[in-house]
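Reproduced below: structure00.txt, with compact mmCIF, C-alpha atoms.
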```
# COMPACT_ATOMS: atom_id res chain seq x y z
CA MET R 1 99.59 79.84 94.18
CA LYS R 2 97.18 80.74 96.92
CA ALA R 3 93.57 79.74 96.40
CA LYS R 4 90.86 81.70 98.21
CA ILE R 5 87.80 79.50 98.26
CA HIS R 6 84.24 80.41 99.20
CA VAL R 7 81.62 77.71 99.82
CA THR R 8 77.98 78.66 100.31
CA LEU R 9 74.64 76.89 100.25
CA LYS R 10 73.07 76.88 96.79
CA GLN R 11 70.48 79.51 96.08
CA GLY R 12 67.05 78.07 96.78
CA ILE R 13 68.26 75.96 99.72
CA LEU R 14 67.11 77.31 103.04
CA ASP R 15 69.98 78.72 105.06
CA PRO R 16 68.69 78.83 108.66
CA GLN R 17 71.82 80.62 109.91
CA GLY R 18 71.43 83.24 107.20
CA LYS R 19 67.78 83.70 108.17
CA ALA R 20 68.65 84.16 111.85
CA ILE R 21 71.28 86.76 110.98
CA GLU R 22 68.87 88.50 108.64
CA HIS R 23 66.35 88.85 111.46
CA ALA R 24 69.06 90.16 113.77
CA LEU R 25 70.10 92.76 111.21
CA GLU R 26 66.50 93.78 110.79
CA SER R 27 66.05 94.22 114.53
CA LEU R 28 69.18 96.39 114.56
CA GLY R 29 67.44 98.72 112.15
CA PHE R 30 68.97 97.54 108.87
CA LYS R 31 65.56 97.29 107.27
CA ASN R 32 67.00 97.15 103.76
CA ALA R 33 69.27 94.12 104.42
CA GLY R 34 68.07 90.79 103.07
CA ASN R 35 68.96 87.45 101.53
CA VAL R 36 71.80 86.79 104.00
CA ARG R 37 73.80 83.66 103.12
CA VAL R 38 76.35 82.15 105.48
CA GLY R 39 79.29 80.27 104.03
CA LYS R 40 82.81 79.07 104.60
CA TYR R 41 86.03 80.70 103.53
CA MET R 42 89.19 78.67 103.07
CA GLU R 43 92.71 79.48 101.91
CA VAL R 44 94.84 76.78 100.37
CA GLU R 45 98.48 77.12 99.28
CA VAL R 46 99.06 75.03 96.18
CA GLN R 47 102.71 74.42 95.27
CA GLU R 48 102.12 74.68 91.55
CA PRO R 49 103.46 77.57 89.45
CA ASP R 50 101.28 76.80 86.44
CA ARG R 51 98.00 78.63 86.84
CA ALA R 52 95.89 76.26 84.77
CA LYS R 53 97.19 73.21 86.62
CA ALA R 54 96.67 74.87 90.00
CA GLU R 55 93.14 75.81 89.03
CA ALA R 56 92.36 72.25 87.92
CA GLN R 57 93.59 71.00 91.29
CA VAL R 58 91.58 73.52 93.27
CA ARG R 59 88.47 72.64 91.32
CA GLN R 60 89.05 68.96 92.10
CA MET R 61 89.55 69.76 95.80
CA CYS R 62 86.23 71.59 95.84
CA GLU R 63 84.36 68.85 94.01
CA THR R 64 85.68 65.98 96.12
CA LEU R 65 85.96 67.46 99.60
CA LEU R 66 85.64 71.18 100.22
CA ALA R 67 82.06 71.52 98.97
CA ASN R 68 79.17 69.07 98.97
CA THR R 69 77.70 69.87 95.58
CA VAL R 70 74.35 68.36 96.54
CA ILE R 71 73.72 71.42 98.70
CA GLU R 72 76.64 73.80 98.20
CA GLU R 73 78.27 75.83 95.48
CA TYR R 74 81.81 77.15 95.44
CA ARG R 75 83.93 79.85 93.86
CA TYR R 76 87.58 80.66 94.13
CA GLU R 77 90.28 83.13 93.20
CA LEU R 78 93.91 82.26 92.59
CA GLN R 79 96.76 84.54 93.61
CA ALA R 80 100.35 84.04 92.51
CA MET F 1 76.62 36.51 113.72
CA ASN F 2 79.72 38.68 113.46
CA ILE F 3 78.96 42.36 113.68
CA GLY F 4 81.57 45.01 112.89
CA VAL F 5 81.31 48.40 114.55
CA VAL F 6 83.50 51.00 112.87
CA VAL F 7 85.32 53.36 115.22
CA PHE F 8 86.27 56.74 113.79
CA PRO F 9 88.14 59.35 115.82
CA GLY F 10 85.20 61.04 117.53
CA SER F 11 82.69 58.17 117.35
CA ASN F 12 80.82 58.07 120.65
CA CYS F 13 78.00 55.58 120.17
CA ASP F 14 80.29 52.73 119.13
CA HIS F 15 80.19 51.05 122.52
CA ASP F 16 76.43 51.43 122.77
CA CYS F 17 76.12 49.46 119.53
CA GLU F 18 78.61 46.91 120.83
CA HIS F 19 76.60 46.60 124.05
CA VAL F 20 73.36 45.94 122.20
CA PHE F 21 74.75 43.29 119.89
CA LYS F 22 77.08 41.61 122.37
CA THR F 23 75.41 41.87 125.77
CA LEU F 24 71.75 42.11 124.87
CA LEU F 25 71.66 39.96 121.73
CA GLY F 26 74.56 37.59 122.38
CA GLN F 27 76.36 38.19 119.09
CA SER F 28 80.04 38.42 118.33
CA VAL F 29 81.20 42.01 117.85
CA ARG F 30 84.43 43.28 116.34
CA MET F 31 85.40 46.91 116.81
CA VAL F 32 86.88 48.02 113.48
CA TRP F 33 89.36 50.89 113.70
CA HIS F 34 88.92 53.39 110.89
CA LYS F 35 92.41 52.62 109.59
CA ASP F 36 91.59 48.94 109.10
CA THR F 37 91.00 47.99 105.50
CA SER F 38 89.45 44.54 105.89
CA LEU F 39 85.92 43.60 106.89
CA ALA F 40 86.47 39.92 106.13
CA GLY F 41 84.35 37.57 108.20
CA LEU F 42 81.73 40.14 109.14
CA ASP F 43 78.02 39.68 108.51
CA ALA F 44 77.06 43.30 109.03
CA VAL F 45 78.77 46.64 109.56
CA ILE F 46 77.58 49.49 111.76
CA LEU F 47 78.72 53.09 111.29
CA PRO F 48 77.88 54.49 114.73
CA GLY F 49 76.90 57.94 115.88
CA GLY F 50 79.26 60.57 117.19
CA PHE F 51 81.31 63.44 115.90
CA SER F 52 83.85 61.86 113.58
CA TYR F 53 86.74 64.25 112.99
CA GLY F 54 84.98 66.82 115.13
CA ASP F 55 82.41 67.43 112.37
CA TYR F 56 85.09 69.61 110.75
CA LEU F 57 84.14 71.04 107.36
CA ARG F 58 80.82 69.13 107.27
CA THR F 59 79.48 66.18 109.23
CA GLY F 60 80.97 63.01 107.79
CA ALA F 61 82.98 64.88 105.16
CA ILE F 62 86.38 63.73 106.37
CA ALA F 63 85.40 60.32 107.76
CA ARG F 64 84.30 59.25 104.31
CA PHE F 65 87.98 59.29 103.28
CA SER F 66 89.06 57.04 106.16
CA PRO F 67 90.85 53.92 104.92
CA VAL F 68 88.03 51.68 106.17
CA MET F 69 85.49 53.34 103.89
CA GLY F 70 86.89 51.64 100.79
CA ALA F 71 86.18 48.31 102.47
CA VAL F 72 82.71 49.50 103.56
CA LYS F 73 81.87 50.41 99.95
CA GLU F 74 83.07 47.02 98.75
CA PHE F 75 81.15 45.28 101.55
CA ALA F 76 77.97 47.14 100.57
CA ARG F 77 78.50 46.46 96.87
CA ALA F 78 78.72 42.74 97.67
CA GLY F 79 75.35 42.89 99.43
CA GLY F 80 76.50 43.07 103.05
CA LEU F 81 74.24 44.86 105.52
CA VAL F 82 75.45 48.35 106.41
CA LEU F 83 73.64 50.45 109.02
CA GLY F 84 74.61 54.08 109.55
CA ILE F 85 73.18 55.73 112.65
CA CYS F 86 73.19 59.53 113.00
CA ASN F 87 76.80 60.50 112.21
CA GLY F 88 77.02 57.12 110.47
CA PHE F 89 74.11 58.19 108.24
CA GLN F 90 75.88 61.49 107.52
CA ILE F 91 79.03 59.56 106.54
CA LEU F 92 77.04 57.28 104.21
CA LEU F 93 75.61 60.38 102.50
CA GLU F 94 79.02 61.99 102.10
CA ALA F 95 80.43 58.71 100.80
CA GLY F 96 77.70 58.51 98.17
CA LEU F 97 76.40 55.18 99.50
CA LEU F 98 73.08 56.92 100.04
CA PRO F 99 71.72 59.90 98.08
CA GLY F 100 71.25 63.42 99.46
CA ALA F 101 72.88 65.56 102.11
CA MET F 102 72.27 66.90 105.60
CA LEU F 103 71.62 70.56 106.30
CA ARG F 104 71.72 72.26 109.69
CA ASN F 105 68.52 71.69 111.69
CA ARG F 106 65.84 74.21 110.78
CA SER F 107 65.85 75.52 114.36
CA LEU F 108 69.68 75.75 114.40
CA ASN F 109 69.57 73.84 117.69
CA PHE F 110 71.20 70.60 118.63
CA ILE F 111 68.14 68.49 119.38
CA CYS F 112 68.33 65.63 121.86
CA LYS F 113 64.95 64.09 122.62
CA ASP F 114 62.65 61.15 121.98
CA VAL F 115 60.81 61.35 118.68
CA TYR F 116 58.36 59.08 116.90
CA VAL F 117 59.07 57.55 113.52
CA ARG F 118 56.74 55.56 111.31
CA VAL F 119 57.99 52.44 109.58
CA GLU F 120 57.24 53.20 105.92
CA ASN F 121 58.80 50.02 104.59
CA ALA F 122 58.69 46.91 106.77
CA ALA F 123 60.09 44.68 104.03
CA THR F 124 63.74 45.59 104.50
CA PRO F 125 66.49 43.66 106.30
CA PHE F 126 66.40 46.38 108.96
CA THR F 127 62.65 46.48 109.58
CA GLY F 128 61.44 42.91 108.96
CA ARG F 129 60.39 42.57 112.60
CA CYS F 130 58.23 45.71 112.43
CA GLU F 131 54.68 46.01 111.21
CA PRO F 132 54.06 48.27 108.21
CA GLY F 133 53.17 51.69 109.59
CA GLN F 134 54.33 50.79 113.11
CA VAL F 135 55.30 53.78 115.21
CA LEU F 136 58.62 53.55 117.06
CA LYS F 137 59.77 55.87 119.82
CA VAL F 138 63.50 56.45 119.36
CA PRO F 139 65.71 59.34 120.49
CA ILE F 140 67.51 61.72 118.16
CA ALA F 141 70.62 63.71 119.07
CA HIS F 142 71.95 65.88 116.27
CA ALA F 143 72.45 69.38 114.92
CA ASP F 144 72.61 68.39 111.25
CA GLY F 145 69.71 66.07 110.52
CA ASN F 146 67.75 68.18 108.08
CA TYR F 147 67.69 65.80 105.14
CA TYR F 148 67.82 67.35 101.69
CA THR F 149 67.94 66.02 98.18
CA ASP F 150 66.89 67.32 94.77
CA PRO F 151 63.25 66.78 93.66
CA VAL F 152 64.14 64.08 91.11
CA THR F 153 66.07 62.01 93.65
CA LEU F 154 63.29 62.48 96.21
CA ALA F 155 60.71 61.22 93.74
CA GLY F 156 62.92 58.19 93.08
CA LEU F 157 63.26 57.48 96.81
CA GLN F 158 59.51 57.65 97.24
CA ALA F 159 58.73 55.55 94.16
CA ASN F 160 61.19 52.79 95.16
CA ALA F 161 60.04 52.65 98.80
CA GLN F 162 63.49 53.78 99.88
CA VAL F 163 62.09 56.07 102.57
CA VAL F 164 62.13 53.65 105.49
CA PHE F 165 61.33 55.96 108.43
CA ARG F 166 59.46 59.27 108.62
CA TYR F 167 59.03 61.51 111.64
CA CYS F 168 55.46 61.36 112.90
CA THR F 169 53.24 62.01 115.89
CA ALA F 170 52.76 59.40 118.63
CA GLU F 171 49.65 58.34 116.72
CA GLY F 172 51.60 57.84 113.49
CA LYS F 173 50.52 60.98 111.65
CA VAL F 174 53.22 62.51 109.47
CA THR F 175 52.81 66.24 110.10
CA PRO F 176 55.03 69.33 109.84
CA GLU F 177 54.82 69.68 113.65
CA ALA F 178 56.20 66.16 114.11
CA ASN F 179 59.23 67.01 111.99
CA PRO F 180 61.98 67.94 114.49
CA ASN F 181 64.64 69.23 112.11
CA GLY F 182 63.03 70.34 108.87
CA SER F 183 63.84 67.17 106.92
CA LEU F 184 62.38 66.98 103.45
CA ASP F 185 59.22 64.84 103.48
CA ASN F 186 59.78 64.16 107.23
CA ILE F 187 62.53 61.73 106.26
CA ALA F 188 64.25 60.09 109.25
CA GLY F 189 65.83 57.15 107.45
CA ILE F 190 66.44 55.91 103.90
CA ARG F 191 67.86 52.83 102.25
CA ASN F 192 69.80 52.41 99.04
CA ALA F 193 68.23 51.05 95.85
CA ALA F 194 69.62 47.55 96.47
CA GLY F 195 68.15 47.61 99.98
CA ASN F 196 71.18 46.52 102.01
CA VAL F 197 72.34 49.95 103.21
CA LEU F 198 70.24 51.96 105.69
CA GLY F 199 70.91 55.38 107.15
CA MET F 200 68.82 56.75 110.01
CA MET F 201 69.12 59.77 112.27
CA PRO F 202 67.38 58.31 115.36
CA HIS F 203 69.46 56.17 117.71
CA PRO F 204 67.91 52.69 118.07
CA GLU F 205 70.88 51.58 120.20
CA ARG F 206 69.74 54.04 122.88
CA ALA F 207 66.31 52.44 122.97
CA SER F 208 67.03 48.73 123.10
CA GLU F 209 66.87 47.89 126.77
CA GLU F 210 64.07 47.61 129.28
CA LEU F 211 66.31 49.20 131.88
CA LEU F 212 66.33 52.36 129.77
CA GLY F 213 62.57 52.33 129.55
CA ASN F 214 62.28 51.74 125.84
CA GLU F 215 62.98 48.74 123.63
CA ASP F 216 61.53 49.99 120.33
CA GLY F 217 64.98 50.34 118.78
CA LYS F 218 65.77 46.70 119.39
CA LEU F 219 63.42 45.77 116.54
CA ILE F 220 65.96 47.17 114.07
CA PHE F 221 68.75 44.96 115.38
CA LEU F 222 66.53 41.88 115.70
CA SER F 223 65.40 42.44 112.11
CA MET F 224 69.03 42.54 110.98
CA LEU F 225 69.86 39.30 112.79
CA GLU F 226 66.89 37.59 111.19
CA ALA F 227 67.82 38.88 107.73
CA MET F 228 71.40 37.70 108.14
CA LYS F 229 70.28 34.12 108.67
CA LYS F 230 69.22 34.06 105.04
CA PRO F 231 71.86 33.68 102.32
CA ARG F 232 73.15 36.99 101.03
CA GLY F 233 71.12 38.39 98.18
CA GLN F 234 67.84 37.19 99.66
CA THR F 235 67.84 39.75 102.41
CA VAL F 236 66.70 42.54 100.16
CA GLY F 237 63.04 43.34 100.32
CA GLY F 238 60.71 45.71 98.48
```

What would the structure in this file look like if it were written as structure tokens?
Amino acid sequence: MKAKIHVTLKQGILDPQGKAIEHALESLGFKNAGNVRVGKYMEVEVQEPDRAKAEAQVRQMCETLLANTVIEEYRYELQA
Amino acid sequence: MNIGVVVFPGSNCDHDCEHVFKTLLGQSVRMVWHKDTSLAGLDAVILPGGFSYGDYLRTGAIARFSPVMGAVKEFARAGGLVLGICNGFQILLEAGLLPGAMLRNRSLNFICKDVYVRVENAATPFTGRCEPGQVLKVPIAHADGNYYTDPVTLAGLQANAQVVFRYCTAEGKVTPEANPNGSLDNIAGIRNAAGNVLGMMPHPERASEELLGNEDGKLIFLSMLEAMKKPRGQTVGG
């Protein structure tokens, strides 16, 4: 299974990079662009054919290392 | 006293800490490689500044899984003094030895300059030689020092006098302008509930020598030495 994992700052936590990009987009003329959030994207190959087991492992990876749940949230997709 | 300085791959203030304790304060210092798993015989442990594991993923995120960190947790649980400076503070947060997390600096810049911090709690093993409210000039050097925690945890930190240092003006006023990185409540350093673990973003080891023009940071290390003379368990102050 391949896990595609996205980690972003939680809503409500200031994302200074996102803000800087938002201002840059605005100055480029994209006046309708807003709420830019910067995050991380990771791919992890999990040698586990069982989808439920793979998902449990990916969730554990996110909780213990890939995301800091004090400030970040995560989501993932699994591909066979 | 026997001071342990943990060396992670990418630590770069480890020898500064060694210099202060060994050369300036005449103590015995052991450099503890991050793969070591024993801290036996040590009176205090320093997690120094630097860029452990290249700051990959998040600052401190990978260092917290170094073999030595199990021993650091046990050492802290047993009441030993643990001081995390800058990256060491970030590692303590990631390891859960202190609450909260670090965000990127509000300005997005790496900031390297002298700042002023006010001693909010002078009854800790790390600040016993300071006066309450004393202003210290100590340099910071970080890109991720914007302290964050949830409102409930922040209220707990404030109520238990766990906020030990706050960024302030030279006159000791805690203002938004004196906050270099956007830290919640101007927080520059916190301690754990038991009082024996301190994390701080400023670098006292870079301000401990007359030759460098500033000895304010030395008070932290002198406080620790004084606290360590007392039997363990009595070093914890309000």

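Of note, CA of Asn186 (chain F) and CA of Glu131 (chain F) are spaced 19.3 Å apart.
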
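The interface of chain R with chain F at 10 Å, considering all atoms listed in the file, consists of Leu9, Ile13, Leu14, Asp15, Pro16, Gln17, Ala20, Lys40, Thr64, Leu65, Leu66, Ala67, Asn68, Thr69, Val70, Ile71 and Glu72 of chain R.
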
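For the residues R:Met1, R:Gln11, R:Gln60, R:Arg51, ranking by smallest atom-to-atom distance to Asn35 (chain R) using only C-alpha atoms places R:Gln11 first.
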
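Note that CA of Leu47 (chain F) and CA of Arg59 (chain R) are 29.6 Å apart.
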
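Proximity of F:Pro67, F:Gly50, F:Gly156, F:Pro204 to Thr127 (chain F), computed with all atoms listed in the file, is greatest for F:Pro204.
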
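Across the model, the gap from CA of Pro202 (chain F) to CA of Gly39 (chain R) is 27.4 Å.
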
Mind dumping a table of every region 173-200 of chain F residue within 12 Å of region 222-232 of chain F, with the nearest atom pair and its distance in Å to one decimal, using only C-alpha atoms, sorted by chain and rising number, as CSV?
```
residue,atom,partner,partner_atom,distance
F:Gly195,CA,F:Ala227,CA,11.7
F:Asn196,CA,F:Arg232,CA,9.8
F:Val197,CA,F:Met224,CA,11.2
F:Leu198,CA,F:Met224,CA,10.9
```

- Extract, using all atoms listed in the file, all DNA, RNA and protein residues at most 8 Å from Ala3 (chain R), discarding same-chain residues fewer than 2 positions from it, and format them as a list of chain:residue names. R:Met1, R:Ile5, R:Glu43, R:Val44, R:Glu45, R:Val46, R:Val58, R:Tyr76, R:Glu77, R:Leu78, R:Gln79

- Quick one: residues within 8 Å of Phe165 (chain F), all atoms listed in the file counted, chain neighbours fewer than 4 positions away excluded, as JSON, numbers by chain? {"F": [117, 118, 119, 120, 121, 187, 188, 189, 190, 200]}

Using the selection just defined, write its residues with C-alpha atoms as a tab-separated table (two decimals), in the frame of the given file.
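Ended up saving to selection_26.tsv:
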```tsv
chain	number	residue	atom	x	y	z
F	117	VAL	CA	59.07	57.55	113.52
F	118	ARG	CA	56.74	55.56	111.31
F	119	VAL	CA	57.99	52.44	109.58
F	120	GLU	CA	57.24	53.20	105.92
F	121	ASN	CA	58.80	50.02	104.59
F	187	ILE	CA	62.53	61.73	106.26
F	188	ALA	CA	64.25	60.09	109.25
F	189	GLY	CA	65.83	57.15	107.45
F	190	ILE	CA	66.44	55.91	103.90
F	200	MET	CA	68.82	56.75	110.01
```

- Contacts of region 205-219 of chain F at 9 Å or less, counting only C-alpha atoms, minus same-chain residues fewer than 4 places along, as a ChimeraX atom specification? /F:13,16-17,19-20,24,85,126-130,135-139,223-224

- With distances taken over only C-alpha atoms, the candidate from F:Asn146, F:Asn109, F:Asn2, F:Asn87 nearest Leu39 (chain F) is F:Asn2
